[in-house]
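Below is one structure, written out as structure tokens; the observations come after it.
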Amino acid sequence: MFLILSISIPRLAMAQAVPYAGTFAKSKEEVEKTLKEMQAYAGQKLPIVDGFVATGDEPLNRFERAFYQFSIDLLPAASGGTIVRVTAKITAWYADPDPSKSGYQVLPSNGRLELDLLDRLKEKFGGKLTASTARSDVQAPKPKLDLSTGLLGSTLPLDKTSVTAAVASSGTTSGVLGEDEVATLRIKREAEEKRMQQLNAELRSLQEIQRNQAHPLNLVVVRKSGTPVLARPTIGSHTLFTASANDEFEFLEAEGEWIHVQISGVSRGYIRRGSLDLPEFIAARLKSPNGAAANEKQAAFRVEREENSPFPGDWEPLKGKTVKIYTVQHVSQDPKETDARAKLAFAGGLLRKYAAETTASTPALDGIVVIFDAADGGIIGSTLLNVQQLASGSLSQDNFWKHCYLDPPDAFRPAPNP
């Protein structure tokens, strides 16, 4: 009813994925239907990576934004029924103290996710749960991949002799395998090679995104460990937490001897200026009372970052396409200066400016996105064609907003006049 297959594969490939399989006395259609009901094909987030991946050289607590997705193959069993072959692909962002070494990595699963899925599938079919034995011959591989090439290595040819020796040595069967078993294993090998090619393509896509992302130029750096991050710009204020040396935070504004920084999302805090290393342009701006810092306080918003990246949503006109993304933050603390009308006016001016500055040498993009990074912010997206029509006057501003992606719509709907 249930059998864990243990097949020796090259060490480099095994560092990426260790397949687990079970045999069920059900047709392929029944198994596939049940897996869809269990949402086994949908990717899921992992709260942590510890306990789900094989350990390696890097500290697991530096991995964040973990995500896993199953690769499931349904193969006919020689004795009838269906073999369900499961591999979990886990990806996570590795936050290295050296930002240049940070990036997404593919981590090897330790089998917990795969065995849990097979146990749940067995329970669905009314089978009595039994203890599952993971592959004992699998050593913990290193999770980090070399993103400089994007290559994962190759699998070796799997002929009948090598399969027989591998399976016999693992204790799964004795004697020589039959032709049906060899054919099944060859099908598995081909499926594994196809999956590895897909993984290589995904890695190349991640590399392209990484190249297109601009590292923020407005990051302040903590000088020494134990630096307090306070809730208010006053001595004795509540300490939110203590920062470590070389921690980076996004600069928002200066208030006397205090620097207002963004911690995460809408979370904010204050750090004494003397505890930070400031980028040159921010330091120069703060030294000049009549410079850009004073002028920016008159504006309600400012562009903190811009990058070329895939569209971050499911809006059909831009889904899966490359767009210019502007990340905008509030400067004014007056809600009247940052309401829906103000955001639309600022975004409209930003889009017109982009259209005016676009030249023949500008990289080809499909649209423009403006993200207001605030608790009451939102996202505005438009195709490049509509932006050009707005700039030329062939499309009125009122009609232009009707063609845009607004998320959420209420963030850009002006309040009715009393």
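Order determines the names: the first chain of the structure tokens is A, the second B, and so forth; residues in each chain are numbered 1 upward, and ligands are numbered 1 upward as they are shown.
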
Ala95 of chain A surroundings by only C-alpha atoms, 9 Å radius, close-in-sequence under 4 positions cut, as a list in words:
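Surrounding residues, per the criterion: Arg62, Phe63, Glu64, Pro99, Lys101, Ser102, Gly103 and Tyr104 of chain A.
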
Counting only C-alpha atoms, what are the residues of segment 238-330 of chain A within 8 Å of segment 383-406 of chain A, and for each of them which pair of atoms is the nearest and at what distance in Å, to one decimal? Sort the table by chain and rising number, as JSON lines.
{"residue": "A:Trp315", "atom": "CA", "partner": "A:Tyr405", "partner_atom": "CA", "distance": 7.0}
{"residue": "A:Pro317", "atom": "CA", "partner": "A:Thr383", "partner_atom": "CA", "distance": 7.1}
{"residue": "A:Leu318", "atom": "CA", "partner": "A:Thr383", "partner_atom": "CA", "distance": 7.0}

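Considering only C-alpha atoms, the residue among A:Pro97, A:Gly381, A:Pro59, A:Gly236 positioned nearest to Asp314 of chain A is A:Gly381.
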
Could you pull out all residues of segment 228-316 of chain A with a DSSP call of alpha helix (DSSP H) and give them as an NGL selection string?
:A and (280-287 or 292-296)

Residues at most 9 Å from Lys89 of chain A, counting only C-alpha atoms, excluding those fewer than 3 positions away in the same chain, as a list in words?
Gln16, Ala17, Phe67, Tyr68, Gln69, Phe70, Ser71, Val106, Leu107, Pro108 and Ser109 of chain A

Interatomic distance, atom CA of Ala42 of chain A to atom CA of Lys188 of chain A (Å, one decimal)
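Going from atom CA of Ala42 of chain A over to atom CA of Lys188 of chain A, I get 21.9 Å.
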
Å distance separating atom CA of Phe372 of chain A from atom CA of Pro408 of chain A, one decimal place
11.3 Å

Which of segment 202-258 of chain A DSSP labels strand (DSSP E or B), written as a PyMOL selection string:
chain A and resi 219-222+227-230+239-243+248-255+258

Save the residues we just selected, N, CA, C and O atoms, as a short mmCIF file (atom, residue, chain, number, x, y, z; two decimals), in the first residue's frame?
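Dumped to out_20.cif:
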data_model
loop_
_atom_site.label_atom_id
_atom_site.label_comp_id
_atom_site.auth_asym_id
_atom_site.auth_seq_id
_atom_site.Cartn_x
_atom_site.Cartn_y
_atom_site.Cartn_z
N LEU A 219 19.81 54.47 2.69
CA LEU A 219 19.91 53.61 3.86
C LEU A 219 20.95 54.16 4.83
O LEU A 219 22.06 54.50 4.44
N VAL A 220 20.57 54.24 6.11
CA VAL A 220 21.50 54.61 7.16
C VAL A 220 21.98 53.33 7.84
O VAL A 220 21.23 52.36 7.94
N VAL A 221 23.23 53.33 8.32
CA VAL A 221 23.85 52.13 8.86
C VAL A 221 24.18 52.33 10.33
O VAL A 221 24.78 53.35 10.71
N VAL A 222 23.80 51.35 11.16
CA VAL A 222 24.08 51.40 12.59
C VAL A 222 25.56 51.13 12.83
O VAL A 222 26.13 50.19 12.26
N THR A 227 22.62 49.52 19.85
CA THR A 227 22.07 50.86 19.63
C THR A 227 20.55 50.82 19.79
O THR A 227 19.88 50.05 19.10
N PRO A 228 19.97 51.65 20.68
CA PRO A 228 18.53 51.60 20.88
C PRO A 228 17.75 52.28 19.76
O PRO A 228 18.18 53.32 19.25
N VAL A 229 16.65 51.69 19.39
CA VAL A 229 15.70 52.29 18.44
C VAL A 229 14.47 52.66 19.26
O VAL A 229 13.80 51.79 19.83
N LEU A 230 14.18 53.96 19.35
CA LEU A 230 13.16 54.47 20.26
C LEU A 230 11.85 54.75 19.52
O LEU A 230 11.81 54.96 18.31
N THR A 239 11.96 52.03 24.35
CA THR A 239 12.87 51.38 23.41
C THR A 239 12.14 50.25 22.69
O THR A 239 11.68 49.30 23.31
N LEU A 240 12.03 50.38 21.37
CA LEU A 240 11.37 49.34 20.58
C LEU A 240 12.23 48.08 20.53
O LEU A 240 11.73 46.97 20.71
N PHE A 241 13.52 48.24 20.29
CA PHE A 241 14.47 47.12 20.27
C PHE A 241 15.87 47.71 20.15
O PHE A 241 16.03 48.93 19.99
N THR A 242 16.88 46.88 20.26
CA THR A 242 18.26 47.34 20.07
C THR A 242 18.78 46.77 18.76
O THR A 242 18.62 45.59 18.46
N ALA A 243 19.40 47.63 17.98
CA ALA A 243 19.92 47.24 16.66
C ALA A 243 21.35 46.72 16.79
O ALA A 243 22.07 47.05 17.73
N GLU A 248 20.81 48.06 8.62
CA GLU A 248 20.45 49.16 7.73
C GLU A 248 18.97 49.50 7.88
O GLU A 248 18.13 48.60 7.99
N PHE A 249 18.66 50.79 7.87
CA PHE A 249 17.28 51.26 7.94
C PHE A 249 17.08 52.36 6.90
O PHE A 249 18.02 53.10 6.58
N GLU A 250 15.87 52.46 6.42
CA GLU A 250 15.56 53.47 5.41
C GLU A 250 15.34 54.82 6.08
O GLU A 250 14.56 54.95 7.02
N PHE A 251 16.04 55.84 5.61
CA PHE A 251 15.94 57.20 6.14
C PHE A 251 14.61 57.82 5.73
O PHE A 251 14.21 57.77 4.57
N LEU A 252 13.91 58.41 6.70
CA LEU A 252 12.66 59.12 6.43
C LEU A 252 12.85 60.62 6.54
O LEU A 252 12.56 61.36 5.61
N GLU A 253 13.34 61.09 7.70
CA GLU A 253 13.58 62.52 7.90
C GLU A 253 14.43 62.69 9.15
O GLU A 253 14.63 61.76 9.94
N ALA A 254 14.95 63.92 9.32
CA ALA A 254 15.74 64.26 10.50
C ALA A 254 14.94 65.21 11.37
O ALA A 254 14.28 66.12 10.88
N GLU A 255 15.00 64.96 12.68
CA GLU A 255 14.37 65.83 13.66
C GLU A 255 15.41 66.18 14.71
O GLU A 255 15.58 65.46 15.70
N TRP A 258 17.94 63.53 15.99
CA TRP A 258 17.32 62.21 15.80
C TRP A 258 17.05 61.96 14.33
O TRP A 258 16.68 62.87 13.59
#

Go through A:Ser309, A:Thr184, A:Asn246, A:Ser225 and flag the residue nearest Ile368 of chain A, using only C-alpha atoms for the distances.
A:Ser309

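Residues in contact with Glu257 of chain A at 9 Å, where only C-alpha atoms are counted and same-chain residues fewer than 3 positions away are skipped, are listed as A:Pro233, A:Ala254, A:Ile271, A:Arg272, A:Arg273, A:Gly274.
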
Between A:Leu46, A:Ala21, A:Ala345, A:Leu278, single out the one closest to Asp119 of chain A, counting only C-alpha atoms.
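Of A:Leu46, A:Ala21, A:Ala345, A:Leu278, the one nearest Asp119 of chain A is A:Ala21, counting only C-alpha atoms.
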
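With only C-alpha atoms as the atoms that count, the residue of A:Lys28, A:Gly22, A:Leu351, A:Trp93 with the shortest distance to Leu115 of chain A is A:Gly22.
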
re atom CA of Ile259 of chain A and atom CA of Ala374 of chain A: distance 18.2 Å

Pick out the residues sitting within 7 Å of Gly269 of chain A, and hand them over as a list of chain:residue names; count only C-alpha atoms, and ignore anything fewer than 5 positions along from it in its own chain.
A:Val229, A:Leu230, A:Ala231, A:Arg232, A:His260, A:Val261, A:Gln262, A:Ile263

With all heavy atoms retained, could you export that selection as a PDB file, in the first residue's frame?
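Produced file selection.pdb, reproduced below:
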ATOM      1  N   VAL A 229      16.645  51.686  19.388  1.00  0.00           N
ATOM      2  CA  VAL A 229      15.695  52.287  18.443  1.00  0.00           C
ATOM      3  C   VAL A 229      14.467  52.661  19.263  1.00  0.00           C
ATOM      4  O   VAL A 229      13.800  51.789  19.829  1.00  0.00           O
ATOM      5  CB  VAL A 229      15.327  51.309  17.318  1.00  0.00           C
ATOM      6  CG1 VAL A 229      14.359  51.972  16.342  1.00  0.00           C
ATOM      7  CG2 VAL A 229      16.582  50.839  16.586  1.00  0.00           C
ATOM      8  N   LEU A 230      14.178  53.960  19.346  1.00  0.00           N
ATOM      9  CA  LEU A 230      13.158  54.466  20.256  1.00  0.00           C
ATOM     10  C   LEU A 230      11.854  54.754  19.524  1.00  0.00           C
ATOM     11  O   LEU A 230      11.813  54.963  18.308  1.00  0.00           O
ATOM     12  CB  LEU A 230      13.651  55.743  20.948  1.00  0.00           C
ATOM     13  CG  LEU A 230      15.002  55.634  21.680  1.00  0.00           C
ATOM     14  CD1 LEU A 230      15.342  56.955  22.357  1.00  0.00           C
ATOM     15  CD2 LEU A 230      14.977  54.493  22.681  1.00  0.00           C
ATOM     16  N   ALA A 231      10.767  54.786  20.321  1.00  0.00           N
ATOM     17  CA  ALA A 231       9.448  55.059  19.752  1.00  0.00           C
ATOM     18  C   ALA A 231       9.262  56.539  19.461  1.00  0.00           C
ATOM     19  O   ALA A 231       8.519  56.898  18.541  1.00  0.00           O
ATOM     20  CB  ALA A 231       8.357  54.576  20.723  1.00  0.00           C
ATOM     21  N   ARG A 232       9.945  57.426  20.215  1.00  0.00           N
ATOM     22  CA  ARG A 232       9.824  58.871  20.028  1.00  0.00           C
ATOM     23  C   ARG A 232      11.208  59.502  20.082  1.00  0.00           C
ATOM     24  O   ARG A 232      12.128  58.958  20.706  1.00  0.00           O
ATOM     25  CB  ARG A 232       8.914  59.492  21.089  1.00  0.00           C
ATOM     26  CG  ARG A 232       7.495  58.935  21.055  1.00  0.00           C
ATOM     27  CD  ARG A 232       6.605  59.636  22.082  1.00  0.00           C
ATOM     28  NE  ARG A 232       6.489  61.043  21.792  1.00  0.00           N
ATOM     29  CZ  ARG A 232       5.649  61.551  20.894  1.00  0.00           C
ATOM     30  NH1 ARG A 232       4.849  60.742  20.201  1.00  0.00           N
ATOM     31  NH2 ARG A 232       5.583  62.848  20.678  1.00  0.00           N
ATOM     32  N   HIS A 260      14.649  59.774  11.853  1.00  0.00           N
ATOM     33  CA  HIS A 260      13.416  58.979  11.755  1.00  0.00           C
ATOM     34  C   HIS A 260      13.637  57.905  10.684  1.00  0.00           C
ATOM     35  O   HIS A 260      13.964  58.230   9.539  1.00  0.00           O
ATOM     36  CB  HIS A 260      12.255  59.898  11.379  1.00  0.00           C
ATOM     37  CG  HIS A 260      10.909  59.262  11.572  1.00  0.00           C
ATOM     38  ND1 HIS A 260       9.760  59.797  11.042  1.00  0.00           N
ATOM     39  CD2 HIS A 260      10.534  58.131  12.230  1.00  0.00           C
ATOM     40  CE1 HIS A 260       8.739  59.022  11.378  1.00  0.00           C
ATOM     41  NE2 HIS A 260       9.182  58.013  12.092  1.00  0.00           N
ATOM     42  N   VAL A 261      13.483  56.633  11.052  1.00  0.00           N
ATOM     43  CA  VAL A 261      13.771  55.543  10.124  1.00  0.00           C
ATOM     44  C   VAL A 261      12.563  54.620   9.999  1.00  0.00           C
ATOM     45  O   VAL A 261      11.702  54.557  10.886  1.00  0.00           O
ATOM     46  CB  VAL A 261      14.991  54.710  10.585  1.00  0.00           C
ATOM     47  CG1 VAL A 261      16.241  55.571  10.633  1.00  0.00           C
ATOM     48  CG2 VAL A 261      14.732  54.050  11.936  1.00  0.00           C
ATOM     49  N   GLN A 262      12.504  53.926   8.866  1.00  0.00           N
ATOM     50  CA  GLN A 262      11.495  52.895   8.648  1.00  0.00           C
ATOM     51  C   GLN A 262      12.086  51.560   9.088  1.00  0.00           C
ATOM     52  O   GLN A 262      13.178  51.175   8.679  1.00  0.00           O
ATOM     53  CB  GLN A 262      11.096  52.828   7.186  1.00  0.00           C
ATOM     54  CG  GLN A 262      10.102  51.716   6.880  1.00  0.00           C
ATOM     55  CD  GLN A 262       9.671  51.710   5.423  1.00  0.00           C
ATOM     56  OE1 GLN A 262       9.699  52.726   4.760  1.00  0.00           O
ATOM     57  NE2 GLN A 262       9.265  50.553   4.932  1.00  0.00           N
ATOM     58  N   ILE A 263      11.333  50.856   9.944  1.00  0.00           N
ATOM     59  CA  ILE A 263      11.800  49.566  10.448  1.00  0.00           C
ATOM     60  C   ILE A 263      11.337  48.443   9.531  1.00  0.00           C
ATOM     61  O   ILE A 263      12.114  47.705   8.958  1.00  0.00           O
ATOM     62  CB  ILE A 263      11.301  49.346  11.889  1.00  0.00           C
ATOM     63  CG1 ILE A 263      11.829  50.452  12.807  1.00  0.00           C
ATOM     64  CG2 ILE A 263      11.739  47.976  12.405  1.00  0.00           C
ATOM     65  CD1 ILE A 263      11.229  50.445  14.190  1.00  0.00           C
TER      66      ILE A 263
END

Nearest residue to Gly367 of chain A out of A:Glu316, A:Asp180, A:Asp334, A:Asp410, using only C-alpha atoms?
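Smallest separation from Gly367 of chain A among the options: A:Glu316.
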